[in-house]
Every structure is written in structure tokens, then in C-alpha cells.
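Working notes for the structure below.
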Amino acid sequence: MAKPRLKVIPLGGLSEIGKNMMAIEYGDDIIVIDAGLMFPGEEVLGIDLIIPDISYLLEKREKIRGIIITHGHEDHVGALPYLLPQLNVPVYSTKLTQGLISVKLKERKALSGAKLKIIPSTGQVTLGKFKIEFFPVCHSIPDAVGLIISTPVGTIVHSGDFKLDYTPVSGKPTDLSRLAQLGLQGVLLLLSDSTYAELPGYTPSERVVGETLDHIMANAPGKVIVTTFASLISRVQQVIDAAAKHQRRVFIVGRSMSDTSRMALELGYLKAPNGILGRLDELRGMPLNKIVLVTTGSQGEPTSALVRIANRDHRQVHIVPGDTVVLSSTPIPGNEGLINRTLDSLFKQGAQVLYSSVAPVHVHGHGSQEELKLLLNLVKPKFFMPIHGEYRHLSLHAKLAESVGIPRKNIFVLEDGDILELNPQTAKITGKIASGNVYVDGLSVGGIGSVVLRDRRMLSRDGMVVVIIAVNGQTGKLVGRPDIVSRGFVDTREAKDMLDESRDLVARTLDHSGVRAAEWSFVNAKVRDTLHKFYYEQTKRRPMILPFMVKV
Ligand SMILES: [Zn+2]
Ligand SMILES: [Zn+2]
């Protein structure tokens with residue numbers, strides 16, 4: 001009997017930022033690492049979020065021993081509420097990560113029945129033929145881990161998201177000594193975070209942000225509003241610390257920020273001196289320079305507290321001149337438009353607004369080039385596969401690996417769905433499985449296909465034209481001239497002549513072809529064809545054309 005082969009299959013997160021997910025398969029055992037989501041760019045209109053296609057896993061459902069989550073960020077846990085009900089396997093993570101997962105699952109009513117298991121950040125678990133050991137890594141969220149996976153073929157090290165901050169705010173620094181030890185024993189494959197492979201040098205420490213916040217709290221004449229990701233618990237901690245130092249009270253605004261903070265306080269990942277946290281109804285009458293608000297909305301999310309405050313649509317919080325708003329995060333690509341609109345309206349209301357391009361109010365959580373090289377040097381893997389990043393990030397990371405002495409033939413830049421097969425001596429890409437994007441739009445998961453998206457694109461670009469064609473119910477003959485109604489296509493007053501001409505054109509075309517109600521599909525196609533050509537000649541636009549037939 002042929003020996004089973006070790007397969008590493010990225011299901012998401014390669015050639016894109018987000019929706020990280022990876023399957024590792026050996027014989028009858030599969031483990032899955034992370035299950036993240038991605039926020040859509042503007043080309044997928046109206047889509048709320050994107051999750052990985054897991055049809056490969058669904059086919060092999062009975063082999064899946066568990067999902068291991070490296071940390072609680074959306075791009076690593078966000079797909080769980082949608083995928084877990086389909087896979088129904090245990091989920092292993094550290095304590096804080098589990099807390100964040102529970103919050104997410106509860107939001108989507110997927111918590112009951114979920115098997116969530118806690119592993120300490122230096123703990124281990126055996127799943128089928130795999131032994132998985134956690135090791136602490138420093139990242140922009142506490143309790144993040146990397147993984148050491150022992151397989152029958154050799155050891156795989158998965159970095160998770162990491163950086164090498166020697167003075168982190170909360171959480172532990174990356175465990176370099178454990179990695180160095182592994183490097184001596186021999187590592188078959190290293191999978192390492194490429195998000196910031198473009199940046200030379202080292203990523204600054206979180207301490208930098210602490211100093212800035214301290215300075216802001218000391219000098220701001222009015223209230224301070226800090227917005228960040230709900231999951232950036234270390235940043236919330238920094239805000240509380242700085243507020244405490246300058247005798248300000250902290251008010252947490254918005255549901256996801258409140259839920260996450262409460263959970264982190266309960267689990268001991270967030271610490272607040274007695275009495276510093278307040279309820280919003282205590283705000284009234286307080287001196288403004290004693291107030292700090294913490295909210296979400298750093299990505300301009302339309303339903304977030306910050307955006308409602310910026311739009312003067314928040315019941316308890318209003319911007320007055322002298323207030324300071326701090327956006328402590330980097331914009332996720334695709335959100336810039338929303339963020340800029342929010343910034344502008346805050347400026348208009350007289351707030352001082354600080355964001356990462358004007359002040360050091362944020363450091364990101366991923367290692368830069370020198371940190372990536374150090375990890376490669378410590379782990380000394382035989383094979384290397386860059387993960388987490390756009391194709392350029394993966395390529396640059398591959399170059400870094402080459403520069404520290406890993407032979408080019410041992411470096412694999414994969415795309416989602418590629419299968420990397422390994423044995424102790426060799427590794428190669430042996431095939432591709434179905435992978436891709438599943439779109440989540442409101443309550444519908446996966447129901448949105450490329451046709452819907454194409455229609456939305458078309459509508460947003462060139463608008464639409466509805467053609468109402470009246471036919472005689474008995475004879476099936478055209479009655480009068482067709483009516484044309486358009487939206488988002490042309491200014492109907494200015495283009496009245498052109499639209500009139502198009503009505504005549506449809507009437508002529510249908511008269512010539514002797515329209516019959518029974519031939520509707522023919523009429524439909526004919527009208528669309530004729531008008532597409534005509535409108536394109538006249539306007540160089542391609543509106544969506546919807547012919548309707550009314551029997552009279
Ligand atoms: Zn992360
Ligand atoms: Zn990530």
C-alpha cells in the first residue's frame with residue numbers, strides 16, 4: 001500500500017489580504033488552520049463580506065479533526081459563524097480567542113452546539129496523526145499564537161500573524177527560544193506571515209502609540225474620542241492607562257466594542273482601575289476634558305458609533321469644537337472612501353482629528369523585513385512557503401528567504417487552492433482544488449453569484465432603461481409607441497430627443513418584425529440588441545435594458 005502523503009492546501013489568504021484558511025492533510029486526517037473573512041472592495045457592490053469556499057472540506061468532512069485558530073482577528077475567525085454550522089467540528093484556540101469567537105458566534109446565533117476548546121498559549125493537542133503545539137507570538141491582539149505541527153513526514157511551523165515587539169502592551173513577546181530550539185532539531189516547512197514583507201527594518205513597538213495617547217490625553221482641551229477595531233484590546237488598554245494617568249473617565253460606546261471589552265475584562269485581558277469606566281448616561285454635566293470615549297468606526301462602517309457621531313446622528317454623543325478624535329488603525333484597502341467622508345465631517349464640526357498619516361497613533365501588528373529574516377534564520381526550514389498576503393507580498397517574502405540562504409527550489413509561492421505535497425526530501429505543487437470566494441450579502445450566504453455582481457456593476461456604472469411595450473391581448477400586435485423609463489443613465493430632460501428617438505426605433509423594429517406575444521423571448525432580445533447599439537452610439541454607455549410587455 002502506498003504511504004499517505006502530506007498535503008498543505010491554502011483555502012484562503014494567499015494572493016489576498018484576508019479570509020485566511022489552510023488545510024493540512026495526511027491520510028485520513030485533516031486539520032484546518034483559521035477561518036477568516038475578507039471585507040470586499042468596491043468591485044463587489046453591496047456585498048457585506050467574503051468567506052472562503054470550503055467545498056473541498058465538505059467533501060471530506062468526516063476526515064476533519066478540528067479547526068485551530070491562531071488569534072481572534074476577523075481575517076482569522078470571521079468565517080466561523082458561517083462555516084462552523086456546515087462543518088460541525090471542534091475549534092481549538094487560546095482563551096481570549098475563544099472569547100472573541102463566542103461573541104461572533106452569538107451575534108450570528110451560531111453559538112449553540114459549537115464545540116470550542118481552550119488550549120493555553122504554550123499548550124498542545126493531538127488530532128489524528130497531527131500533534132499541534134502552540135507558541136506565543138506578539139501581534140496586535142493578546143493571546144495570539146503560532147503553531148508547531150508534528151506530522152509523520154516532519155515538522156511544520158506556522159507563524160500565525162506575528163511581529164517581534166520586545167515591549168508589548170499586553171500579551172507575551174514572540175517565543176524566539178522555542179523556535180531556535182526547533183531550528184536545531186530540523187523543520188520541514190515554515191509558513192510565515194507576509195503582510196508587511198514590503199517594509200524594510202523593524203515594526204515599531206506598541207509603546208510608541210502609548211506615548212502619543214498619553215500626550216493627547218494631557219493636552220486635549222475637550223473630550224477625546226478614540227476609535228479602533230473592537231478586537232484591538234491592547235489599544236483599548238493603552239487608552240484606559242493614559243486616561244487614568246490624566247484623571248479622565250472612559251466610556252465605551254457601541255455594541256461590538258462594549259461586548260468585546262466586557263468579555264476581555266471578565267477574562268482578565270483588559271484591566272481598568274475601579275470607577276474609571278462609566279456609563280453613557282453619566283456623561284451629562286461632566287467637564288469635557290475629563291471624558292474619553294472609545295468606539296468602533298475606524299473603517300467608516302456606516303452603522304458604527306463614530307460614523308453616527310460624525311453624522312450628528314448619535315443620541316448621547318455630539319462633537320463640539322475642541323474635541324479630539326483619534327483613528328487608531330490603518331485603513332483596510334477599499335474603505336478609504338468611507339473613512340475620508342467621516343474625517344471630513346468631523347473636521348467640519350470643529351474637531352481635531354488625528355490619524356496614522358498625521359500622527360503616530362497606530363502601529364500595525366506584523367513583522368517587517370528584518371523580523372521575517374530573523375524568523376527564517378531561527379527556524380531554518382528545509383522548505384518555505386510565504387502566507388498571508390497579496391502576490392507581491394508573497395514574492396517579496398520569497399526573495400527574503402532566498403537572501404538568507406534558502407534555495408529557490410525549496411521556496412513555494414502558492415495561490416489559494418494549490419496543493420503542496422511534501423515528503424522528508426522533496427516538495428512539489430501537485431494540483432489544484434476548487435477554491436474561491438463565497439459572498440455574504442445581508443442574510444444570504446453564497447446566494448450571490450457573478451451574475452448578480454455583474455448586474456450591480458452595470459447598474460452602478462451606466463444605469464438602467466425600462467422599456468414598456470403594450471401589445472393587444474387578442475392580436476398580439478403592438479399598441480402605440482413603447483414607453484421608456486430610465487434611471488441613472490442620462491438626464492431625461494436634456495436627453496429627451498434621444499430617448500424619444502429610441503422609442504420610435506423600438507416601435508419601428510417591432511413593427512417590421514411583426515411582434516406576437518408568443519414570441520416574447522425573441523422580442524426581448526431584439527429590443528435589447530437594438531437599444532444597446534443605439535444608446536452606445538449616442539452616449540458610449542451600456543445601461544441595463546429591461547423590456548416589459550403589458551397586454552392591453
Ligand atoms: Zn491578525
Ligand atoms: Zn491576519
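Quick note on naming: the chains in the C-alpha cells go A, B, ... in the order shown, residues restart at 1 in each chain, and ligands are numbered from 1 in order of appearance.
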
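Residues of range 225-273 of chain A assigned to strand (DSSP E) by DSSP on this structure's backbone: Ile225, Val226, Thr227, Arg249, Val250, Phe251 and Ile252 of chain A.
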
Export N, CA, C and O atoms of the chosen residues as a CSV table (one decimal), in the first residue's frame?
```csv
chain,number,residue,atom,x,y,z
A,225,ILE,N,-12.0,61.2,21.6
A,225,ILE,CA,-12.7,60.0,21.1
A,225,ILE,C,-11.7,59.2,20.4
A,225,ILE,O,-11.1,59.6,19.4
A,226,VAL,N,-11.5,58.0,20.9
A,226,VAL,CA,-10.5,57.1,20.2
A,226,VAL,C,-11.3,56.0,19.5
A,226,VAL,O,-12.1,55.3,20.1
A,227,THR,N,-11.1,55.8,18.2
A,227,THR,CA,-11.7,54.7,17.6
A,227,THR,C,-10.7,53.7,17.1
A,227,THR,O,-9.7,54.1,16.6
A,249,ARG,N,-12.3,59.9,32.7
A,249,ARG,CA,-13.1,58.6,32.7
A,249,ARG,C,-13.3,58.1,31.3
A,249,ARG,O,-13.3,58.9,30.3
A,250,VAL,N,-13.5,56.8,31.2
A,250,VAL,CA,-13.5,56.2,29.9
A,250,VAL,C,-14.9,55.6,29.7
A,250,VAL,O,-15.5,54.9,30.5
A,251,PHE,N,-15.5,56.0,28.5
A,251,PHE,CA,-16.9,55.5,28.2
A,251,PHE,C,-16.7,54.6,26.9
A,251,PHE,O,-16.2,55.1,25.9
A,252,ILE,N,-17.2,53.4,27.0
A,252,ILE,CA,-17.1,52.5,25.8
A,252,ILE,C,-18.5,52.6,25.1
A,252,ILE,O,-19.5,52.4,25.7
```

Spatial neighbours of range 148-158 of chain A, max dist 6 Å, only C-alpha atoms, sep filter under 5 positions, as a ChimeraX atom specification: /A:130-133,187-191,423-424

Please write the residues from the selection above to a file, keeping N, CA and C atoms, as a CSV table (one decimal), in the first residue's frame.
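The new file result-v2.csv reads:
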```
chain,number,residue,atom,x,y,z
A,130,PHE,N,-1.7,14.3,13.8
A,130,PHE,CA,-1.0,15.5,14.0
A,130,PHE,C,-0.9,15.9,15.5
A,131,LYS,N,0.3,16.3,15.9
A,131,LYS,CA,0.4,16.9,17.2
A,131,LYS,C,0.6,18.4,17.0
A,132,ILE,N,-0.2,19.2,17.6
A,132,ILE,CA,-0.1,20.6,17.4
A,132,ILE,C,0.3,21.3,18.7
A,133,GLU,N,1.4,22.0,18.7
A,133,GLU,CA,1.8,22.8,19.9
A,133,GLU,C,1.7,24.3,19.6
A,187,VAL,N,13.3,21.5,10.8
A,187,VAL,CA,11.9,21.9,10.5
A,187,VAL,C,11.7,21.6,9.0
A,188,LEU,N,10.6,20.9,8.7
A,188,LEU,CA,10.4,20.6,7.3
A,188,LEU,C,9.9,21.8,6.5
A,189,LEU,N,8.9,22.5,7.1
A,189,LEU,CA,8.3,23.6,6.3
A,189,LEU,C,7.9,24.7,7.3
A,190,LEU,N,8.3,25.9,6.8
A,190,LEU,CA,7.8,27.1,7.5
A,190,LEU,C,6.8,27.8,6.7
A,191,LEU,N,5.7,28.2,7.4
A,191,LEU,CA,4.6,29.0,6.8
A,191,LEU,C,4.7,30.3,7.5
A,423,ASN,N,7.4,15.3,1.2
A,423,ASN,CA,7.9,14.2,1.9
A,423,ASN,C,9.2,14.7,2.5
A,424,PRO,N,9.9,13.9,3.3
A,424,PRO,CA,11.1,14.5,4.0
A,424,PRO,C,12.1,15.1,3.1
```

Neighbour list for Leu459 in chain A as a PyMOL selection string, cut-off 9 Å, only C-alpha atoms, skip fewer than 2 positions in-chain: chain A and resi 454-457+461-464+488-489+543-544

Nearest-residue call for ligand 1, choices A:Glu370, A:Glu16, A:Asp529, A:Glu74, using only C-alpha atoms and all ligand atoms: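 Closest residue, counting only C-alpha atoms and all ligand atoms: A:Glu74.
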
Given 8 Å and only C-alpha atoms and all ligand atoms, residues near ligand 1 as an MDAnalysis selection string: chainID A and resid 71:76 139:141 160:162 365:366

Residue subset to file, keeping N, CA, C and O atoms, as a compact mmCIF listing (two decimals), in the first residue's frame:
```
# COMPACT_ATOMS: atom_id res chain seq x y z
N HIS A 71 -5.51 33.37 16.23
CA HIS A 71 -5.85 34.53 17.06
C HIS A 71 -7.20 35.09 16.65
O HIS A 71 -7.76 34.66 15.64
N GLY A 72 -7.69 36.06 17.41
CA GLY A 72 -9.08 36.46 17.29
C GLY A 72 -9.43 37.53 16.27
O GLY A 72 -10.52 38.08 16.32
N HIS A 73 -8.53 37.84 15.33
CA HIS A 73 -8.87 38.84 14.31
C HIS A 73 -9.87 38.29 13.30
O HIS A 73 -9.88 37.11 12.99
N GLU A 74 -10.65 39.23 12.74
CA GLU A 74 -11.70 38.86 11.77
C GLU A 74 -11.17 38.04 10.60
O GLU A 74 -11.85 37.15 10.10
N ASP A 75 -9.96 38.37 10.15
CA ASP A 75 -9.45 37.66 8.97
C ASP A 75 -8.97 36.24 9.35
O ASP A 75 -8.47 35.52 8.49
N HIS A 76 -9.15 35.88 10.62
CA HIS A 76 -8.80 34.51 11.05
C HIS A 76 -9.99 33.77 11.68
O HIS A 76 -10.00 32.54 11.70
N HIS A 139 1.45 40.15 18.59
CA HIS A 139 0.66 40.66 17.47
C HIS A 139 -0.22 41.77 18.02
O HIS A 139 -0.12 42.09 19.21
N SER A 140 -1.09 42.35 17.23
CA SER A 140 -1.90 43.46 17.73
C SER A 140 -3.13 43.00 18.50
O SER A 140 -4.13 43.71 18.55
N ILE A 141 -3.08 41.81 19.04
CA ILE A 141 -4.16 41.31 19.87
C ILE A 141 -3.50 40.35 20.87
O ILE A 141 -2.56 39.64 20.50
N GLY A 160 1.45 32.12 12.31
CA GLY A 160 0.31 32.98 12.65
C GLY A 160 0.60 34.38 12.14
O GLY A 160 1.45 34.56 11.27
N ASP A 161 -0.08 35.38 12.67
CA ASP A 161 0.29 36.78 12.42
C ASP A 161 1.25 37.15 13.53
O ASP A 161 0.95 36.94 14.70
N PHE A 162 2.40 37.71 13.18
CA PHE A 162 3.34 37.99 14.27
C PHE A 162 4.21 39.20 13.98
O PHE A 162 4.38 39.62 12.85
N GLY A 365 0.49 45.25 13.40
CA GLY A 365 0.87 44.09 14.20
C GLY A 365 1.68 43.04 13.47
O GLY A 365 1.73 41.90 13.90
N HIS A 366 2.29 43.43 12.35
CA HIS A 366 3.00 42.42 11.56
C HIS A 366 4.48 42.77 11.43
O HIS A 366 4.84 43.93 11.39
```

Spatial neighbours of Val485 in chain A, max dist 8 Å, only C-alpha atoms, sep filter under 2 positions, as number ranges by chain: A: 465-467, 483, 487

Could you write those residues out with all heavy atoms, as a PDB file, in the first residue's frame?
```pdb
ATOM      1  N   VAL A 465     -32.527  51.156 -18.162  1.00  0.00           N
ATOM      2  CA  VAL A 465     -33.612  51.638 -19.005  1.00  0.00           C
ATOM      3  C   VAL A 465     -34.693  50.567 -19.023  1.00  0.00           C
ATOM      4  O   VAL A 465     -34.414  49.412 -19.321  1.00  0.00           O
ATOM      5  CB  VAL A 465     -33.093  51.888 -20.442  1.00  0.00           C
ATOM      6  CG1 VAL A 465     -34.255  52.236 -21.369  1.00  0.00           C
ATOM      7  CG2 VAL A 465     -32.038  52.978 -20.453  1.00  0.00           C
ATOM      8  N   VAL A 466     -35.901  50.962 -18.662  1.00  0.00           N
ATOM      9  CA  VAL A 466     -37.014  50.016 -18.722  1.00  0.00           C
ATOM     10  C   VAL A 466     -37.867  50.370 -19.938  1.00  0.00           C
ATOM     11  O   VAL A 466     -38.209  51.533 -20.151  1.00  0.00           O
ATOM     12  CB  VAL A 466     -37.871  50.100 -17.437  1.00  0.00           C
ATOM     13  CG1 VAL A 466     -39.066  49.155 -17.522  1.00  0.00           C
ATOM     14  CG2 VAL A 466     -37.013  49.757 -16.225  1.00  0.00           C
ATOM     15  N   VAL A 467     -38.135  49.371 -20.755  1.00  0.00           N
ATOM     16  CA  VAL A 467     -38.931  49.588 -21.965  1.00  0.00           C
ATOM     17  C   VAL A 467     -40.276  48.909 -21.755  1.00  0.00           C
ATOM     18  O   VAL A 467     -40.327  47.699 -21.534  1.00  0.00           O
ATOM     19  CB  VAL A 467     -38.235  48.961 -23.192  1.00  0.00           C
ATOM     20  CG1 VAL A 467     -38.973  49.348 -24.477  1.00  0.00           C
ATOM     21  CG2 VAL A 467     -36.779  49.376 -23.248  1.00  0.00           C
ATOM     22  N   ASP A 483     -43.135  52.819 -24.102  1.00  0.00           N
ATOM     23  CA  ASP A 483     -42.700  53.816 -23.119  1.00  0.00           C
ATOM     24  C   ASP A 483     -41.293  53.490 -22.653  1.00  0.00           C
ATOM     25  O   ASP A 483     -40.945  52.316 -22.526  1.00  0.00           O
ATOM     26  CB  ASP A 483     -43.625  53.769 -21.901  1.00  0.00           C
ATOM     27  CG  ASP A 483     -44.698  54.829 -22.014  1.00  0.00           C
ATOM     28  OD1 ASP A 483     -44.378  55.913 -22.579  1.00  0.00           O
ATOM     29  OD2 ASP A 483     -45.834  54.569 -21.559  1.00  0.00           O
ATOM     30  N   ARG A 487     -33.246  55.274 -15.297  1.00  0.00           N
ATOM     31  CA  ARG A 487     -32.698  55.729 -14.012  1.00  0.00           C
ATOM     32  C   ARG A 487     -31.176  55.629 -14.075  1.00  0.00           C
ATOM     33  O   ARG A 487     -30.639  54.592 -14.459  1.00  0.00           O
ATOM     34  CB  ARG A 487     -33.190  54.827 -12.875  1.00  0.00           C
ATOM     35  CG  ARG A 487     -34.634  55.023 -12.483  1.00  0.00           C
ATOM     36  CD  ARG A 487     -34.871  56.363 -11.755  1.00  0.00           C
ATOM     37  NE  ARG A 487     -36.260  56.528 -11.369  1.00  0.00           N
ATOM     38  CZ  ARG A 487     -37.197  57.051 -12.161  1.00  0.00           C
ATOM     39  NH1 ARG A 487     -36.890  57.467 -13.382  1.00  0.00           N
ATOM     40  NH2 ARG A 487     -38.440  57.167 -11.719  1.00  0.00           N
TER      41      ARG A 487
END
```

Nearest candidate to Gln316 in chain A (options A:Leu288, A:Ile233, A:Leu510, A:Leu280; using only C-alpha atoms): A:Leu280

Nearest candidate to Pro90 in chain A (options A:Leu396, A:Ile31, A:Leu49, A:Ala197; using only C-alpha atoms):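 Going through A:Leu396, A:Ile31, A:Leu49, A:Ala197 one by one, the smallest distance to Pro90 in chain A is for A:Ile31.
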
Expected answer as a VMD selection string: helix (DSSP H, G or I) residues in range 293-508 of chain A: chain A and resid 305 to 310 336 to 348 369 to 379 391 to 403 408 to 410 450 to 462 496 to 508

Exercise: Asp511 in chain A partners within 12 Å, only C-alpha atoms, chain neighbours under 2 positions left out, as a PDB file with C-alpha atoms, in the first residue's frame:
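Heads up, here's the output in part.pdb:
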```pdb
ATOM      1  CA  ILE A 469     -44.237  47.537 -24.636  1.00  0.00           C
ATOM      2  CA  VAL A 471     -49.488  44.650 -27.103  1.00  0.00           C
ATOM      3  CA  GLY A 476     -50.596  40.167 -30.180  1.00  0.00           C
ATOM      4  CA  LYS A 477     -49.922  43.366 -32.146  1.00  0.00           C
ATOM      5  CA  LEU A 478     -48.004  46.348 -30.823  1.00  0.00           C
ATOM      6  CA  VAL A 479     -50.214  49.120 -29.414  1.00  0.00           C
ATOM      7  CA  GLY A 480     -48.851  52.644 -29.755  1.00  0.00           C
ATOM      8  CA  ARG A 481     -45.265  53.640 -29.073  1.00  0.00           C
ATOM      9  CA  PRO A 482     -43.332  51.858 -26.294  1.00  0.00           C
ATOM     10  CA  ASP A 504     -39.523  55.312 -32.336  1.00  0.00           C
ATOM     11  CA  LEU A 505     -36.692  52.960 -33.058  1.00  0.00           C
ATOM     12  CA  VAL A 506     -38.200  50.218 -30.873  1.00  0.00           C
ATOM     13  CA  ALA A 507     -41.638  50.749 -32.460  1.00  0.00           C
ATOM     14  CA  ARG A 508     -40.172  50.516 -35.968  1.00  0.00           C
ATOM     15  CA  THR A 509     -38.128  47.449 -35.142  1.00  0.00           C
ATOM     16  CA  SER A 513     -40.673  42.010 -37.213  1.00  0.00           C
ATOM     17  CA  GLY A 514     -44.479  41.757 -36.740  1.00  0.00           C
ATOM     18  CA  VAL A 515     -44.493  41.325 -32.973  1.00  0.00           C
ATOM     19  CA  ARG A 516     -46.531  38.482 -31.436  1.00  0.00           C
ATOM     20  CA  VAL A 523     -38.892  40.452 -28.896  1.00  0.00           C
ATOM     21  CA  LYS A 526     -34.436  42.197 -30.329  1.00  0.00           C
ATOM     22  CA  VAL A 527     -35.337  45.232 -28.181  1.00  0.00           C
TER      23      VAL A 527
END
```

Atom pair CA of Pro85 in chain A / CA of Leu100 in chain A: separation (Å):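 Computed distance, CA of Pro85 in chain A to CA of Leu100 in chain A, equals 17.3 Å.
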
Of the listed residues A:Ile545, A:Ala220, A:Leu199, A:Leu277, that which approaches Arg528 in chain A most closely, counting only C-alpha atoms: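 Closest candidate: A:Ile545.
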
Residue contacts of Ile33 in chain A (6 Å, only C-alpha atoms) excluding same-chain residues fewer than 6 positions away, as a list in words: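 Using only C-alpha atoms, the neighbours found are Met21, Met22, Ile67, Ile68 and Ile69 of chain A.
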